Amino acid sequence: MQSKIKSKDIGRWIFKAAFLLCISGLNHSLNFARAQYITGPTSMSLGGAGVAGLSSADSVFINPASVSRSTSFEVDLLYQDGYIQNTDHKSLFGFLVADNSEGVLFPGAIGYITGSRLYSGYFSQDQMWHITIGRRVTQYLRLGFNFIYLDSEISGFKNFKQLTGSVGAIYDFNNQLSLGFSAEHLGEVDDEIPVPLKLAPHLRIGVRYQPLELFSFYLDSSRRQSENPEDKGALHFGIESLTNAFTVLRVGMRWDDYLGYNYFTGGLGFDGPRLKINYSLQKAIKGPDGALHGVDFRVSF
């Protein structure tokens, strides 16, 4: 009984610390930047939030610990295309296979993404491999890590290879409340790589709160850890609603000090027993024309 009380007290303290960090992001510059190479449509439609755990396989792009939240074998096809700001454009296509079915000792996922990016006048043709391993280590705690290999051929410059790793954790206080943390793109990065195309290290912390079965709220705060002298960053917020047995509606906001824009996000999902389809949209409230679109087709076995 005493251990349970202590666990709850520790949980409340962690939650308060996370809440204060997120609120401080409104008054100080945290940062998200361009370090996130790809965000799945589920997180993208929630303002980029979801480090505390999403039910979709593509959540491993934000937090590797979330690979243990799924309970099946999933195959996911992903597509993303559009403008992030001004003339900054990207077009990506790939697949993700995740397995946390019964009997699996270490849940894991492997993904491959190919495409092109145009950032700040740099154009690159990319190929990326993403490998994730994680598991639930206690009743409350989930841990995970991943390896990312990105091969970028920059037009008029040279070919760059980046190998990084990320670690993540999720603490589930109960079915309604979770706290998530991730440290992404750890390791040395080639200084010759143009800043807009680097997989730069950054930290992220966030909470998930589900007061009712039909509603979930997500709030993340993140900060780039290199080449960010003013410590600028972003705050991410999203709401997910199950409008009926198979339809999911998502809306969100992203306040990004680093890019200098605020973004509205939204999406619609079909959540069938086997087939799942998600669409997402990210649009700057003021500033650049155009928008970023994402879609995935996921099959569970």
# chains A, B, ... in the order shown; residues from 1 in each chain; ligands from 1
$ residues_around --residues "Val137 in chain A" --least-positions-apart "2" --cutoff "12 Å" --atoms "only C-alpha atoms" --output "MDAnalysis selection string"
chainID A and resid 65 68 105:107 134:135 139:144 169:172
$ residues_around --residues "Pro273 in chain A" --least-positions-apart "3" --cutoff "10 Å" --atoms "only C-alpha atoms" --output "ChimeraX atom specification"
/A:245-246,270,276,299-301
$ atom_distance --atom1 "CA of Ser221 in chain A" --atom2 "CA of Thr114 in chain A"
28.0 Å
$ residues_around --residues "Leu96 in chain A" --least-positions-apart "4" --cutoff "8 Å" --atoms "only C-alpha atoms" --output "PyMOL selection string"
chain A and resi 57-58+75-78+109-112
$ write_last_selection --atoms "N, CA and C atoms" --output "CSV table (one decimal), in the first residue's frame"
chain,number,residue,atom,x,y,z
A,57,ALA,N,1.0,3.3,-35.3
A,57,ALA,CA,2.4,2.9,-35.4
A,57,ALA,C,3.3,4.0,-35.7
A,58,ASP,N,2.9,5.0,-36.5
A,58,ASP,CA,3.8,6.1,-36.9
A,58,ASP,C,4.2,7.0,-35.7
A,75,VAL,N,1.2,-2.9,-40.7
A,75,VAL,CA,1.9,-2.4,-41.9
A,75,VAL,C,1.3,-1.1,-42.3
A,76,ASP,N,2.2,-0.1,-42.5
A,76,ASP,CA,1.7,1.3,-42.7
A,76,ASP,C,2.4,1.9,-43.9
A,77,LEU,N,1.6,2.4,-44.8
A,77,LEU,CA,2.1,3.1,-46.0
A,77,LEU,C,1.9,4.6,-45.7
A,78,LEU,N,3.0,5.4,-45.9
A,78,LEU,CA,2.9,6.8,-45.5
A,78,LEU,C,3.3,7.7,-46.7
A,109,ALA,N,9.9,-1.9,-34.6
A,109,ALA,CA,9.4,-1.3,-35.9
A,109,ALA,C,10.5,-1.0,-36.8
A,110,ILE,N,10.3,-1.1,-38.1
A,110,ILE,CA,11.3,-0.7,-39.1
A,110,ILE,C,10.6,0.0,-40.2
A,111,GLY,N,11.2,1.1,-40.6
A,111,GLY,CA,10.6,2.0,-41.6
A,111,GLY,C,11.6,2.4,-42.7
A,112,TYR,N,11.1,2.7,-43.9
A,112,TYR,CA,11.9,3.2,-45.0
A,112,TYR,C,11.2,4.3,-45.6
$ closest_residue --among "A:Phe297, A:Phe73, A:Tyr119, A:Phe160" --to "Lys90 in chain A" --atoms "only C-alpha atoms"
A:Tyr119
$ residues_around --residues "Met44 in chain A" --least-positions-apart "2" --cutoff "8 Å" --atoms "only C-alpha atoms" --output "PDB file with N, CA and C atoms, in the first residue's frame"
ATOM      1  N   THR A  39       6.866  13.404 -39.679  1.00  0.00           N
ATOM      2  CA  THR A  39       5.882  13.210 -38.627  1.00  0.00           C
ATOM      3  C   THR A  39       4.688  12.508 -39.237  1.00  0.00           C
ATOM      4  N   GLY A  40       4.228  11.441 -38.608  1.00  0.00           N
ATOM      5  CA  GLY A  40       3.082  10.714 -39.132  1.00  0.00           C
ATOM      6  C   GLY A  40       1.828  11.567 -39.131  1.00  0.00           C
ATOM      7  N   PRO A  41       0.835  11.208 -39.939  1.00  0.00           N
ATOM      8  CA  PRO A  41      -0.370  12.035 -40.058  1.00  0.00           C
ATOM      9  C   PRO A  41      -1.156  12.175 -38.755  1.00  0.00           C
ATOM     10  N   THR A  42      -1.091  11.170 -37.877  1.00  0.00           N
ATOM     11  CA  THR A  42      -1.817  11.274 -36.608  1.00  0.00           C
ATOM     12  C   THR A  42      -1.268  12.407 -35.770  1.00  0.00           C
ATOM     13  N   LEU A  46      -2.433  16.730 -34.903  1.00  0.00           N
ATOM     14  CA  LEU A  46      -2.581  17.168 -33.514  1.00  0.00           C
ATOM     15  C   LEU A  46      -1.574  18.264 -33.171  1.00  0.00           C
ATOM     16  N   GLY A  47      -1.170  19.033 -34.155  1.00  0.00           N
ATOM     17  CA  GLY A  47      -0.205  20.097 -33.928  1.00  0.00           C
ATOM     18  C   GLY A  47       1.213  19.605 -33.724  1.00  0.00           C
ATOM     19  N   GLY A  48       1.472  18.334 -34.062  1.00  0.00           N
ATOM     20  CA  GLY A  48       2.786  17.746 -33.843  1.00  0.00           C
ATOM     21  C   GLY A  48       2.940  17.157 -32.458  1.00  0.00           C
ATOM     22  N   ALA A  49       1.872  17.117 -31.669  1.00  0.00           N
ATOM     23  CA  ALA A  49       1.933  16.572 -30.312  1.00  0.00           C
ATOM     24  C   ALA A  49       1.796  15.048 -30.347  1.00  0.00           C
ATOM     25  N   THR A 265      -3.627  22.853 -37.531  1.00  0.00           N
ATOM     26  CA  THR A 265      -3.569  21.494 -38.054  1.00  0.00           C
ATOM     27  C   THR A 265      -4.913  20.814 -37.854  1.00  0.00           C
ATOM     28  N   GLY A 266      -5.178  19.830 -38.676  1.00  0.00           N
ATOM     29  CA  GLY A 266      -6.414  19.069 -38.564  1.00  0.00           C
ATOM     30  C   GLY A 266      -6.306  17.778 -39.338  1.00  0.00           C
ATOM     31  N   SER A 280      -4.054  14.230 -42.818  1.00  0.00           N
ATOM     32  CA  SER A 280      -3.701  15.372 -41.981  1.00  0.00           C
ATOM     33  C   SER A 280      -3.361  16.582 -42.840  1.00  0.00           C
ATOM     34  N   LEU A 281      -3.548  17.752 -42.249  1.00  0.00           N
ATOM     35  CA  LEU A 281      -3.273  19.023 -42.916  1.00  0.00           C
ATOM     36  C   LEU A 281      -2.581  19.951 -41.931  1.00  0.00           C
ATOM     37  N   GLN A 282      -1.536  20.638 -42.411  1.00  0.00           N
ATOM     38  CA  GLN A 282      -0.862  21.665 -41.618  1.00  0.00           C
ATOM     39  C   GLN A 282      -0.803  22.939 -42.445  1.00  0.00           C
ATOM     40  N   GLY A 294      -0.587  15.072 -45.313  1.00  0.00           N
ATOM     41  CA  GLY A 294      -0.080  13.751 -44.991  1.00  0.00           C
ATOM     42  C   GLY A 294      -1.201  12.727 -45.005  1.00  0.00           C
TER      43      GLY A 294
END
$ residues_around --residues "Gly50 in chain A" --least-positions-apart "3" --cutoff "9 Å" --atoms "only C-alpha atoms" --output "list in words"
Thr42, Ser43, Leu46, Gly47, Gly53, Leu54, Ser59, Ile62, Asn63, Gly180, Gly206, Val207, Arg208, Tyr218, Leu219, Asp220, His236, Phe237 and Gly238 of chain A
$ select_by_dssp --residues "range 34-144 of chain A" --states "alpha helix (DSSP H)" --output "VMD selection string"
chain A and resid 41 to 44
$ select_by_dssp --residues "range 23-172 of chain A" --states "strand (DSSP E)" --output "ChimeraX atom specification"
/A:73-85,88-99,108-119,122-136,141-154,159-172
$ atom_distance --atom1 "CA of Val67 in chain A" --atom2 "CA of Ser182 in chain A"
13.1 Å
$ closest_residue --among "A:Leu249, A:Asn262, A:Gln127, A:Glu240" --to "Gln210 in chain A" --atoms "only C-alpha atoms"
A:Glu240
